[in-house]
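Listing of data.cif; format and content: mmCIF, C-alpha atoms.
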data_final
#
loop_
_atom_site.label_atom_id
_atom_site.label_comp_id
_atom_site.auth_asym_id
_atom_site.auth_seq_id
_atom_site.Cartn_x
_atom_site.Cartn_y
_atom_site.Cartn_z
CA MET W 1 121.72 -95.19 -16.23
CA ARG W 2 122.08 -91.76 -17.77
CA LEU W 3 124.93 -89.28 -17.89
CA SER W 4 123.68 -86.58 -15.55
CA ALA W 5 124.87 -83.00 -15.53
CA ARG W 6 123.75 -79.99 -13.57
CA GLY W 7 121.87 -77.70 -15.88
CA ALA W 8 121.32 -80.43 -18.48
CA THR W 9 117.59 -81.11 -18.51
CA PRO W 10 115.97 -84.27 -19.94
CA GLY W 11 114.84 -82.07 -22.82
CA ALA W 12 118.44 -81.08 -23.48
CA TRP W 13 119.43 -84.75 -23.63
CA ALA W 14 116.59 -85.43 -26.07
CA LYS W 15 117.78 -82.53 -28.22
CA LEU W 16 121.32 -83.91 -28.24
CA CYS W 17 120.12 -87.35 -29.24
CA LEU W 18 118.23 -85.93 -32.22
CA LEU W 19 121.39 -84.45 -33.70
CA GLY W 20 122.20 -86.45 -36.86
CA LEU W 21 125.62 -87.26 -38.24
CA GLY W 22 124.66 -85.67 -41.55
CA LEU W 23 125.00 -82.16 -40.10
CA SER W 24 128.37 -80.62 -40.93
CA ALA W 25 127.85 -77.16 -39.44
CA LEU W 26 125.95 -76.29 -36.30
CA GLY W 27 125.68 -72.53 -36.35
CA ALA W 28 127.81 -69.52 -35.62
CA CYS W 29 130.42 -69.66 -32.89
CA THR W 30 131.90 -67.15 -30.55
CA GLU W 31 135.68 -67.27 -30.56
CA LEU W 32 137.35 -70.07 -28.61
CA ARG W 33 140.82 -69.85 -27.19
CA ALA W 34 142.83 -73.03 -26.83
CA GLY W 35 143.67 -73.66 -23.20
CA ALA W 36 141.23 -71.02 -21.97
CA ASN W 37 140.17 -71.02 -18.34
CA PRO W 38 137.09 -73.30 -18.35
CA ASP W 39 135.36 -71.64 -15.37
CA VAL W 40 133.06 -70.10 -17.97
CA PRO W 41 133.84 -71.92 -21.22
CA MET W 42 133.14 -69.67 -24.22
CA TYR W 43 131.18 -72.40 -25.97
CA ARG W 44 128.68 -72.64 -23.08
CA HIS W 45 127.19 -69.31 -24.13
CA ARG W 46 126.49 -70.29 -27.73
CA ALA W 47 122.88 -70.44 -28.81
CA SER W 48 123.58 -73.67 -30.69
CA PHE W 49 126.07 -76.49 -30.14
CA ALA W 50 129.84 -76.26 -29.72
CA MET W 51 131.02 -79.26 -31.75
CA ASN W 52 130.74 -79.63 -35.50
CA LEU W 53 131.10 -82.82 -37.50
CA ALA W 54 133.96 -82.16 -39.94
CA PHE W 55 133.51 -85.49 -41.76
CA SER W 56 132.31 -89.07 -41.37
CA ARG W 57 133.86 -91.89 -43.42
CA LYS W 58 133.49 -95.65 -43.35
CA VAL W 59 136.90 -97.21 -42.73
CA VAL W 60 136.58 -100.87 -41.67
CA ILE W 61 136.49 -103.51 -44.39
CA PRO W 62 133.24 -105.34 -45.27
CA ALA W 63 134.79 -108.59 -44.00
CA ARG W 64 134.08 -107.46 -40.43
CA VAL W 65 131.00 -109.66 -40.14
CA THR W 66 131.96 -111.83 -37.15
CA GLY W 67 133.49 -111.18 -33.77
CA GLU W 68 133.18 -108.18 -31.51
CA PRO W 69 130.75 -105.50 -32.80
CA TYR W 70 132.69 -102.73 -31.09
CA GLU W 71 135.68 -100.57 -31.96
CA ARG W 72 137.99 -99.98 -29.02
CA GLY W 73 141.48 -98.56 -28.49
CA GLN W 74 142.28 -94.97 -29.49
CA PRO W 75 143.55 -93.22 -32.64
CA GLU W 76 147.06 -91.77 -32.87
CA ILE W 77 147.52 -88.40 -34.60
CA ASP W 78 150.56 -87.34 -36.64
CA PRO W 79 150.14 -83.53 -36.72
CA ARG W 80 153.04 -82.79 -39.09
CA GLY W 81 152.14 -85.47 -41.60
CA LYS W 82 148.40 -84.86 -41.14
CA ARG W 83 147.70 -88.56 -40.64
CA VAL W 84 145.61 -90.61 -38.25
CA PHE W 85 146.59 -94.16 -37.29
CA VAL W 86 143.88 -96.36 -35.81
CA GLY W 87 143.23 -100.05 -35.21
CA SER W 88 140.02 -101.97 -35.82
CA SER W 89 138.20 -105.17 -34.92
CA ASP W 90 138.59 -106.18 -38.56
CA ARG W 91 142.20 -107.03 -37.49
CA GLY W 92 143.74 -104.09 -39.32
CA LEU W 93 145.78 -101.02 -38.49
CA TYR W 94 144.83 -98.09 -40.72
CA ALA W 95 146.66 -94.97 -41.85
CA LEU W 96 144.17 -92.27 -42.91
CA ARG W 97 144.42 -88.67 -44.08
CA ALA W 98 143.41 -86.31 -41.29
CA GLU W 99 141.80 -83.82 -43.70
CA ASP W 100 139.13 -86.16 -45.02
CA GLY W 101 139.68 -89.67 -43.61
CA SER W 102 140.70 -91.12 -46.96
CA HIS W 103 142.68 -94.36 -46.99
CA LEU W 104 146.49 -94.41 -47.15
CA TRP W 105 147.26 -98.02 -46.21
CA ARG W 106 146.10 -100.94 -44.07
CA PHE W 107 148.21 -103.55 -42.26
CA GLU W 108 146.46 -106.78 -41.28
CA THR W 109 147.23 -108.85 -38.17
CA LEU W 110 145.81 -112.14 -36.89
CA GLY W 111 143.63 -110.56 -34.21
CA PHE W 112 141.58 -107.50 -33.30
CA VAL W 113 143.69 -104.35 -33.03
CA GLN W 114 142.37 -102.70 -29.84
CA CYS W 115 145.63 -100.98 -28.93
CA GLN W 116 146.31 -97.28 -29.42
CA PRO W 117 149.27 -97.07 -31.81
CA LEU W 118 152.43 -95.13 -30.99
CA TYR W 119 153.83 -92.94 -33.77
CA ASP W 120 157.55 -92.10 -33.66
CA PRO W 121 158.18 -89.02 -35.86
CA LEU W 122 161.97 -89.43 -35.72
CA GLU W 123 161.85 -92.86 -37.33
CA ASN W 124 158.52 -92.33 -39.13
CA ALA W 125 157.44 -95.63 -37.59
CA VAL W 126 154.29 -96.92 -35.91
CA TYR W 127 154.33 -99.37 -32.99
CA PHE W 128 151.16 -101.19 -31.96
CA GLY W 129 149.85 -104.37 -30.39
CA SER W 130 147.19 -106.85 -31.44
CA ASN W 131 144.97 -109.41 -29.77
CA ASP W 132 147.02 -112.00 -31.64
CA GLY W 133 149.63 -111.50 -28.89
CA ALA W 134 152.21 -109.67 -31.00
CA LEU W 135 153.77 -106.22 -30.94
CA TYR W 136 154.48 -104.72 -34.37
CA ARG W 137 156.65 -102.05 -35.93
CA VAL W 138 155.61 -100.84 -39.39
CA ASP W 139 156.72 -97.98 -41.62
CA ALA W 140 154.36 -95.04 -41.29
CA LYS W 141 154.88 -94.21 -44.97
CA ASP W 142 153.50 -97.41 -46.47
CA GLY W 143 152.68 -99.85 -43.63
CA LYS W 144 155.55 -102.18 -44.48
CA LEU W 145 156.40 -104.58 -41.63
CA ARG W 146 159.78 -104.00 -39.95
CA TRP W 147 159.50 -106.51 -37.13
CA ARG W 148 157.00 -108.54 -35.12
CA PHE W 149 157.60 -109.55 -31.50
CA MET W 150 155.40 -112.27 -30.00
CA THR W 151 154.48 -111.47 -26.37
CA ASN W 152 152.15 -114.52 -26.02
CA ALA W 153 149.11 -112.52 -24.82
CA GLU W 154 146.96 -109.73 -26.19
CA VAL W 155 148.50 -106.25 -26.25
CA ALA W 156 145.75 -103.68 -25.72
CA ARG W 157 147.62 -100.73 -24.18
CA ARG W 158 149.73 -98.15 -25.99
CA PRO W 159 153.51 -98.78 -25.98
CA VAL W 160 155.80 -96.14 -24.47
CA LEU W 161 159.04 -94.97 -26.12
CA HIS W 162 161.53 -93.50 -23.64
CA ASN W 163 165.30 -92.92 -23.76
CA GLY W 164 165.90 -95.41 -26.55
CA LEU W 165 163.73 -98.27 -25.31
CA LEU W 166 160.18 -99.34 -26.10
CA TYR W 167 158.08 -100.49 -23.14
CA VAL W 168 154.88 -102.52 -23.37
CA THR W 169 152.62 -104.75 -21.26
CA ASN W 170 150.34 -107.62 -22.19
CA ALA W 171 147.32 -109.38 -20.71
CA ASN W 172 149.52 -112.09 -19.19
CA ASP W 173 150.95 -109.70 -16.57
CA THR W 174 154.24 -109.23 -18.41
CA VAL W 175 156.22 -105.99 -18.76
CA LEU W 176 158.75 -105.91 -21.61
CA ALA W 177 161.52 -103.53 -22.68
CA ILE W 178 162.44 -103.85 -26.36
CA GLU W 179 164.97 -102.30 -28.71
CA PRO W 180 162.80 -100.22 -31.05
CA ALA W 181 165.12 -100.55 -34.06
CA THR W 182 165.45 -104.34 -33.99
CA GLY W 183 162.58 -105.71 -31.89
CA LYS W 184 165.12 -107.46 -29.64
CA LEU W 185 164.08 -108.10 -26.02
CA VAL W 186 166.18 -106.18 -23.46
CA TRP W 187 164.38 -107.28 -20.29
CA GLN W 188 161.05 -108.56 -19.06
CA GLN W 189 159.22 -108.94 -15.77
CA HIS W 190 156.32 -111.32 -15.25
CA ARG W 191 153.92 -111.96 -12.38
CA THR W 192 151.75 -115.04 -12.13
CA PRO W 193 148.21 -113.94 -13.02
CA ALA W 194 145.58 -114.03 -10.30
CA MET W 195 143.59 -117.22 -9.81
CA GLY W 196 139.85 -117.02 -10.39
CA MET W 197 137.85 -114.25 -12.02
CA GLU W 198 139.54 -111.34 -13.76
CA VAL W 199 138.22 -108.18 -15.33
CA ALA W 200 138.87 -107.85 -19.06
CA GLY W 201 141.80 -105.61 -19.95
CA HIS W 202 145.19 -104.91 -18.46
CA SER W 203 147.38 -102.06 -17.24
CA GLY W 204 149.69 -100.12 -19.49
CA VAL W 205 153.08 -98.75 -18.44
CA LEU W 206 154.13 -95.40 -17.04
CA VAL W 207 157.78 -94.34 -17.40
CA PHE W 208 158.63 -91.64 -14.88
CA HIS W 209 161.92 -90.61 -13.22
CA ASP W 210 163.77 -93.62 -14.73
CA LYS W 211 161.23 -96.11 -13.38
CA VAL W 212 158.63 -98.19 -15.16
CA TYR W 213 155.34 -98.55 -13.27
CA ALA W 214 152.59 -101.09 -13.98
CA GLY W 215 149.62 -102.77 -12.32
CA PHE W 216 148.86 -106.50 -12.31
CA SER W 217 145.84 -108.78 -12.14
CA ASP W 218 146.81 -110.10 -8.69
CA GLY W 219 146.21 -106.62 -7.24
CA ASN W 220 149.82 -105.48 -7.02
CA VAL W 221 151.54 -102.37 -8.37
CA MET W 222 155.26 -102.47 -9.06
CA ALA W 223 158.10 -100.19 -10.15
CA PHE W 224 161.13 -101.38 -12.14
CA ASP W 225 164.41 -99.82 -13.18
CA ALA W 226 163.87 -98.50 -16.70
CA ARG W 227 167.26 -99.70 -18.00
CA THR W 228 167.66 -103.06 -16.26
CA GLY W 229 164.18 -104.14 -15.16
CA ALA W 230 165.32 -104.59 -11.56
CA GLU W 231 162.58 -104.12 -8.95
CA ARG W 232 162.70 -100.64 -7.42
CA TRP W 233 159.73 -101.15 -5.07
CA GLN W 234 158.52 -103.97 -2.95
CA PRO W 235 155.20 -105.00 -4.56
CA VAL W 236 152.37 -102.77 -3.30
CA ASP W 237 149.35 -105.01 -2.67
CA LEU W 238 146.20 -102.99 -3.31
CA ALA W 239 144.07 -106.14 -3.03
CA ALA W 240 145.04 -106.34 0.64
CA GLU W 241 143.79 -102.78 1.10
CA ALA W 242 140.53 -103.76 -0.57
CA GLU W 243 140.19 -106.76 1.73
CA GLN W 244 140.59 -104.53 4.79
CA THR W 245 137.98 -102.11 3.47
CA LEU W 246 135.45 -104.78 2.47
CA GLY W 247 136.12 -107.20 5.32
CA GLU W 248 136.62 -110.03 2.83
CA LEU W 249 138.81 -110.91 -0.12
CA PRO W 250 137.32 -109.19 -3.18
CA GLN W 251 136.17 -111.26 -6.15
CA TYR W 252 138.18 -109.09 -8.56
CA LEU W 253 141.75 -108.21 -7.58
CA ASP W 254 142.76 -106.48 -10.81
CA VAL W 255 144.81 -103.29 -11.12
CA ASP W 256 144.08 -102.57 -14.78
CA THR W 257 144.62 -98.81 -14.74
CA THR W 258 147.70 -97.44 -16.42
CA PRO W 259 149.48 -95.47 -13.67
CA VAL W 260 149.54 -91.68 -13.97
CA ALA W 261 152.21 -89.45 -12.40
CA GLY W 262 151.67 -86.04 -10.85
CA ALA W 263 153.33 -83.50 -8.57
CA LEU W 264 151.95 -82.96 -5.08
CA ARG W 265 152.94 -80.43 -2.43
CA THR W 266 154.77 -83.26 -0.63
CA GLY W 267 156.53 -84.62 -3.73
CA SER W 268 155.58 -86.69 -6.75
CA ALA W 269 152.93 -89.40 -6.74
CA VAL W 270 151.72 -92.22 -8.94
CA PHE W 271 147.95 -92.58 -9.19
CA VAL W 272 146.57 -96.10 -9.64
CA GLY W 273 143.22 -97.81 -9.30
CA SER W 274 142.16 -101.18 -7.93
CA TYR W 275 138.93 -102.54 -9.43
CA ALA W 276 137.58 -103.46 -6.00
CA GLY W 277 139.74 -101.30 -3.74
CA GLY W 278 139.29 -97.81 -5.20
CA ALA W 279 141.73 -95.06 -6.14
CA PHE W 280 145.21 -94.67 -4.65
CA ALA W 281 148.07 -92.20 -4.69
CA LEU W 282 151.48 -93.80 -4.04
CA ASP W 283 154.78 -92.06 -3.42
CA SER W 284 156.68 -92.37 -6.70
CA GLU W 285 159.99 -93.13 -4.98
CA THR W 286 158.95 -95.58 -2.27
CA GLY W 287 155.48 -96.86 -3.15
CA SER W 288 154.15 -95.82 0.25
CA GLN W 289 150.51 -94.79 0.32
CA VAL W 290 149.75 -91.05 0.17
CA TRP W 291 145.96 -91.42 0.12
CA HIS W 292 143.20 -93.91 -0.64
CA ASN W 293 139.61 -93.30 -1.75
CA PRO W 294 137.77 -96.65 -1.46
CA GLY W 295 134.60 -95.28 -3.07
CA VAL W 296 136.03 -95.02 -6.59
CA VAL W 297 135.54 -98.69 -7.42
CA GLY W 298 135.70 -100.13 -10.91
CA VAL W 299 138.20 -97.51 -12.04
CA SER W 300 139.81 -98.27 -15.39
CA ASP W 301 141.61 -95.04 -16.34
CA PHE W 302 142.92 -91.78 -14.91
CA TYR W 303 143.63 -88.41 -16.48
CA LEU W 304 145.33 -85.59 -14.55
CA TRP W 305 143.80 -82.35 -15.81
CA THR W 306 145.63 -79.06 -15.08
CA GLU W 307 144.15 -75.65 -15.69
CA HIS W 308 145.90 -73.31 -18.13
CA HIS W 309 145.80 -69.65 -17.18
CA GLU W 310 145.78 -66.64 -19.43
CA GLU W 311 149.12 -64.80 -19.66
CA SER W 312 147.76 -62.09 -17.35
CA ASP W 313 147.11 -64.74 -14.69
CA GLU W 314 150.52 -66.41 -14.71
CA ASP W 315 151.01 -65.82 -10.98
CA ALA W 316 147.85 -67.72 -10.09
CA ALA W 317 148.34 -71.29 -8.89
CA PRO W 318 146.94 -73.72 -11.48
CA ARG W 319 144.23 -76.08 -10.33
CA SER W 320 144.57 -79.78 -10.98
CA ILE W 321 141.84 -82.40 -10.97
CA LEU W 322 142.38 -86.15 -11.15
CA VAL W 323 139.64 -87.47 -13.44
CA ALA W 324 138.83 -91.15 -12.88
CA SER W 325 136.76 -93.24 -15.27
CA SER W 326 134.86 -96.19 -13.82
CA GLY W 327 132.57 -98.58 -15.64
CA THR W 328 130.47 -99.09 -12.50
CA THR W 329 130.47 -95.85 -10.51
CA GLY W 330 130.82 -93.15 -13.18
CA ILE W 331 133.27 -90.39 -13.99
CA TRP W 332 134.86 -88.76 -10.94
CA GLY W 333 136.76 -85.55 -10.31
CA LEU W 334 139.17 -86.05 -7.40
CA ASP W 335 141.49 -83.73 -5.50
CA PRO W 336 144.96 -85.10 -6.41
CA GLU W 337 146.35 -83.94 -3.06
CA THR W 338 143.86 -85.81 -0.89
CA GLY W 339 141.75 -88.05 -3.10
CA ALA W 340 138.59 -86.29 -1.93
CA GLU W 341 135.63 -86.26 -4.31
CA LEU W 342 135.13 -82.93 -6.09
CA TRP W 343 132.34 -84.14 -8.40
CA ARG W 344 130.89 -87.29 -9.89
CA ARG W 345 128.71 -87.98 -12.90
CA ALA W 346 126.77 -91.17 -13.54
CA LEU W 347 127.40 -93.08 -16.74
CA PRO W 348 125.01 -93.51 -19.64
CA GLN W 349 123.77 -97.01 -20.37
CA GLY W 350 126.66 -99.14 -21.53
CA GLY W 351 129.43 -97.06 -19.95
CA ALA W 352 131.88 -94.46 -21.18
CA SER W 353 135.47 -94.14 -22.37
CA PRO W 354 138.27 -92.42 -20.47
CA PRO W 355 138.00 -88.62 -20.85
CA VAL W 356 140.59 -86.83 -22.97
CA PRO W 357 141.46 -83.10 -23.03
CA PHE W 358 139.85 -81.03 -25.79
CA ALA W 359 140.46 -77.25 -25.93
CA GLY W 360 140.18 -76.78 -22.17
CA ALA W 361 137.33 -79.27 -21.72
CA LEU W 362 137.04 -83.09 -21.62
CA LEU W 363 135.78 -85.29 -24.45
CA VAL W 364 134.28 -88.70 -23.66
CA SER W 365 132.65 -91.45 -25.71
CA ALA W 366 129.47 -93.19 -24.54
CA THR W 367 129.19 -96.79 -25.70
CA GLN W 368 125.51 -96.63 -26.61
CA LEU W 369 125.06 -92.89 -27.24
CA GLY W 370 127.87 -90.97 -28.92
CA VAL W 371 130.51 -88.39 -28.04
CA PHE W 372 130.13 -85.72 -25.34
CA LEU W 373 132.00 -82.66 -24.12
CA LEU W 374 132.24 -82.11 -20.35
CA SER W 375 133.59 -79.41 -18.07
CA PRO W 376 136.59 -80.69 -16.09
CA LEU W 377 135.70 -78.43 -13.16
CA ASP W 378 132.35 -80.00 -12.34
CA GLY W 379 131.60 -82.65 -14.94
CA ASP W 380 128.77 -80.59 -16.44
CA LEU W 381 127.59 -81.40 -19.94
CA ILE W 382 128.65 -78.82 -22.55
CA ASP W 383 127.73 -80.49 -25.82
CA GLY W 384 127.22 -83.85 -27.46
CA ILE W 385 126.70 -85.65 -30.76
CA HIS W 386 124.49 -88.73 -30.85
CA VAL W 387 125.70 -91.75 -32.85
CA ALA W 388 123.14 -94.44 -33.58
CA ASP W 389 125.49 -97.40 -33.06
CA GLY W 390 127.41 -95.81 -30.18
CA VAL W 391 131.11 -95.18 -29.63
CA SER W 392 133.32 -97.40 -27.45
CA MET W 393 136.67 -96.07 -28.69
CA THR W 394 138.50 -93.36 -26.74
CA PRO W 395 138.77 -90.19 -28.86
CA ALA W 396 142.10 -88.61 -29.81
CA THR W 397 142.42 -84.83 -29.97
CA HIS W 398 144.79 -82.20 -31.33
CA GLY W 399 144.08 -78.48 -31.39
CA ASN W 400 140.44 -78.03 -32.33
CA ARG W 401 139.95 -81.46 -33.93
CA ALA W 402 139.07 -84.87 -32.51
CA PHE W 403 139.03 -88.29 -34.17
CA VAL W 404 137.21 -91.47 -33.15
CA VAL W 405 135.86 -94.62 -34.82
CA THR W 406 132.25 -95.57 -34.06
CA ASN W 407 131.10 -99.10 -33.24
CA GLY W 408 129.78 -99.22 -36.80
CA GLY W 409 133.26 -98.64 -38.19
CA ARG W 410 133.00 -94.97 -39.27
CA LEU W 411 135.80 -92.50 -38.61
CA LEU W 412 134.38 -89.25 -37.22
CA SER W 413 136.30 -85.99 -37.20
CA LEU W 414 134.84 -83.45 -34.77
CA GLN W 415 135.72 -79.78 -34.68
CA LEU W 416 135.46 -76.93 -32.21
CA PRO W 417 135.21 -73.82 -34.42
CA GLY W 418 137.42 -70.92 -33.40
CA ALA W 419 139.92 -72.90 -31.32
CA GLU W 420 143.59 -73.19 -32.29
CA PRO W 421 143.88 -74.56 -35.86
CA VAL W 422 144.34 -78.31 -36.16
CA LEU W 423 147.32 -80.09 -37.71
CA ALA W 424 149.09 -76.86 -38.61
CA SER W 425 152.08 -77.35 -40.90
CA LYS W 426 154.30 -75.44 -38.47
CA LEU W 427 153.93 -78.35 -36.04
#
Structure re-expressed in structure tokens:
Amino acid sequence: MRLSARGATPGAWAKLCLLGLGLSALGACTELRAGANPDVPMYRHRASFAMNLAFSRKVVIPARVTGEPYERGQPEIDPRGKRVFVGSSDRGLYALRAEDGSHLWRFETLGFVQCQPLYDPLENAVYFGSNDGALYRVDAKDGKLRWRFMTNAEVARRPVLHNGLLYVTNANDTVLAIEPATGKLVWQQHRTPAMGMEVAGHSGVLVFHDKVYAGFSDGNVMAFDARTGAERWQPVDLAAEAEQTLGELPQYLDVDTTPVAGALRTGSAVFVGSYAGGAFALDSETGSQVWHNPGVVGVSDFYLWTEHHEESDEDAAPRSILVASSGTTGIWGLDPETGAELWRRALPQGGASPPVPFAGALLVSATQLGVFLLSPLDGDLIDGIHVADGVSMTPATHGNRAFVVTNGGRLLSLQLPGAEPVLASKL
């Protein structure tokens, strides 16, 4: 499979794949404006490429000689402190300087760290999970351990800090609320995992309007009271919807997508995906179905992109696109009001990461190719940097800079020249 894009010829793809990581500047750039209307992105009109490589630095320790040859998860950026926190399959969590990727400290766990960390600037603390089944709090200054909470299953999704509680899920279909200062359990909810085959991975949590939303491997989506953990919905069985669509019980029941909230004309909705059943919008208050698109199978992540207008266009209604990432059917742009397909792009060989916003566009990693910039309006290819060993990790972005660790263990910092300055001290 190849990542297709209208206007991107096979020759253009070959040109992208010849771009080496040793290049640090890729030509002059017309001015970019952060949040510009991407109908005609400024960087599309450049004679050369849009993204520069700011630096590349090896970060994982040489001891990473066994186990998974991929780096997953996602970095966390501290703009004020100009730091990047990122986990690795060498079992460590790293703190690195954002300016050059140099090492600040490393904290070692007993398993791969495939979870995006959560940085709390008020406490200067970092929360993260590990495949060893534990959730950790460490000091952001020096990596000193403050507490360790054993959840009894791998923690691969980013924790959420909301109104004085820390929320997290694990791969054993458990949702936990924890006191962030002490690591003490406040409440937990557990569902018996599905029997039979499961897709690797698990849902994270969404906290929205005093409810905690999560998906489970048995095909259900649930909402809990954020303070007490009491059920606020009857379980919504997306596997049953998939069975009706397919005419038989699907092999994979999993709801591994972290729910995403958004406003619709009829109220607020929670967007979730069933591996076999497709994409769904559920009423955030009741759990009733707003729409269902059964074609978006294999979905693993959603991102709700909203257009930012220029000041002169403040009266114009902003457009929103629900971007769905699927390991089997590609990257989709959906109408969040109806679920109708707006565009779809096939995946490159090996699949792609969830897209993340980057100066009005979308940045995505391709497992066996590199990092690519797409238009959110139609999925068209804007730019790309080839990486010989591929990139499985989801990038993290701030201003005009992006950070990601390659499968070979190198931290890349990418830059869009002319966009809003990165990691400004005023932040």
Min atom-atom distance to Pro294 (chain W) from the set W:Ala402, W:Ile321, W:Ala239, W:Met150, counting only C-alpha atoms, belongs to W:Ala239
Could you tell me which residues the PyMOL selection byres ((chain W and resi 297) around 12) returns for this structure, as a count of residues only? 37
Which residues are close to Tyr119 (chain W), i.e. within 10 Å by all atoms listed in the file, leaving aside same-chain residues fewer than 4 positions away? Reply as a VMD selection string. chain W and resid 76 to 78 84 to 85 123 to 128 137 to 140 159 161
For this file, the PyMOL selection byres ((chain W and resi 209-222) around 6) selects which residues, as an NGL selection string? :W and (173 or 193-194 or 203 or 205-208 or 223-226 or 235-239 or 253-255)
Quick one: of W:Ser284, W:Ala261, W:Ala269, W:His386, who's nearest to Arg232 (chain W), counting all atoms listed in the file? W:Ser284
Using only C-alpha atoms, determine which residues lie at most 7 Å from region 69-71 of chain W, disregarding the query and same-chain residues fewer than 3 positions distant; provide the list as a list in words.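 My list of contacting residues is Ser88, Ser89, Ser392, Met393, Val405, Thr406, Asn407 and Gly409 of chain W.
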Please determine an axis-aligned box that encloses all atoms of region 356-370 of chain W listed in the file, with 8 Å added on each side, and express its centre and edge lengths in Å to one decimal as lines of an AutoDock Vina configuration file.
center_x = 133.3
center_y = -86.8
center_z = -25.3
size_x = 32.4
size_y = 36.0
size_z = 23.3
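CA of Leu416 (chain W) sits 25.8 Å away from CA of Val60 (chain W).
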Taking the point (133.7, -75.2, -33.3) as given in the file, collect each protein or nucleic acid residue that comes within 6 Å of it, counting all atoms listed in the file, and present the set as a PyMOL selection string. chain W and resi 50-52+415-418
Would you mind telling me which residue in W:Arg57, W:His398, W:Ser365, W:Thr306 lies nearest to Lys82 (chain W) when using all atoms listed in the file?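 Answer, going by the shortest atom-to-atom distance: W:His398.
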Shell around Phe55 (chain W) at 7 Å using all atoms listed in the file, local window under 5 positions removed, as a PDB file with C-alpha atoms, in the frame of the given file:
ATOM      1  CA  ASP W 100     139.130 -86.160 -45.020  1.00  0.00           C
ATOM      2  CA  LEU W 412     134.380 -89.250 -37.220  1.00  0.00           C
ATOM      3  CA  SER W 413     136.300 -85.990 -37.200  1.00  0.00           C
TER       4      SER W 413
END
I'd like the interatomic distance between CA of Gly201 (chain W) and CA of Arg344 (chain W), to a tenth of an Å.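 Separation between CA of Gly201 (chain W) and CA of Arg344 (chain W): 23.6 Å.
In terms of minimum interatomic distance to Leu369 (chain W), W:Val391 ranks closest within W:Leu414, W:Leu347, W:Val391, W:Leu282, counting all atoms listed in the file.
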Given the file shown, determine the residues that the PyMOL selection byres ((chain W and resi 379) around 12) selects; report them as a ChimeraX atom specification. /W:3-8,38-39,321-325,330-334,341-347,355,361-364,372-378,380-383
Using all atoms listed in the file, which of the listed residues (W:Ala134, W:Ala54, W:Leu122, W:Ala263) sits closest to Ala98 (chain W)? W:Ala54
Find, counting all atoms listed in the file, the residue in W:Val356, W:Leu304, W:Leu264, W:Val86 that gets nearest to Glu337 (chain W).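 For Glu337 (chain W), the nearest of the given residues is W:Leu264.
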Would you pick out the contacts of Arg157 (chain W) at 9 Å or less, using all atoms listed in the file, so that residues sharing its chain but fewer than 2 positions from it are not included, and give the list as a list in words?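 Within the cut-off, the hits are Gly73, Gln114, Cys115, Gln116, Pro117, Phe128, Gly129, Val155, Pro159, Val168, Thr169, Asn170, Gly201, His202, Ser203, Gly204, Val205 and Thr258 of chain W.
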Quick check, in Å to one decimal: how far apart do CA of Gly408 (chain W) and CA of Gly81 (chain W) lie?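 Computing the Euclidean distance for CA of Gly408 (chain W) and CA of Gly81 (chain W) yields 26.7 Å.
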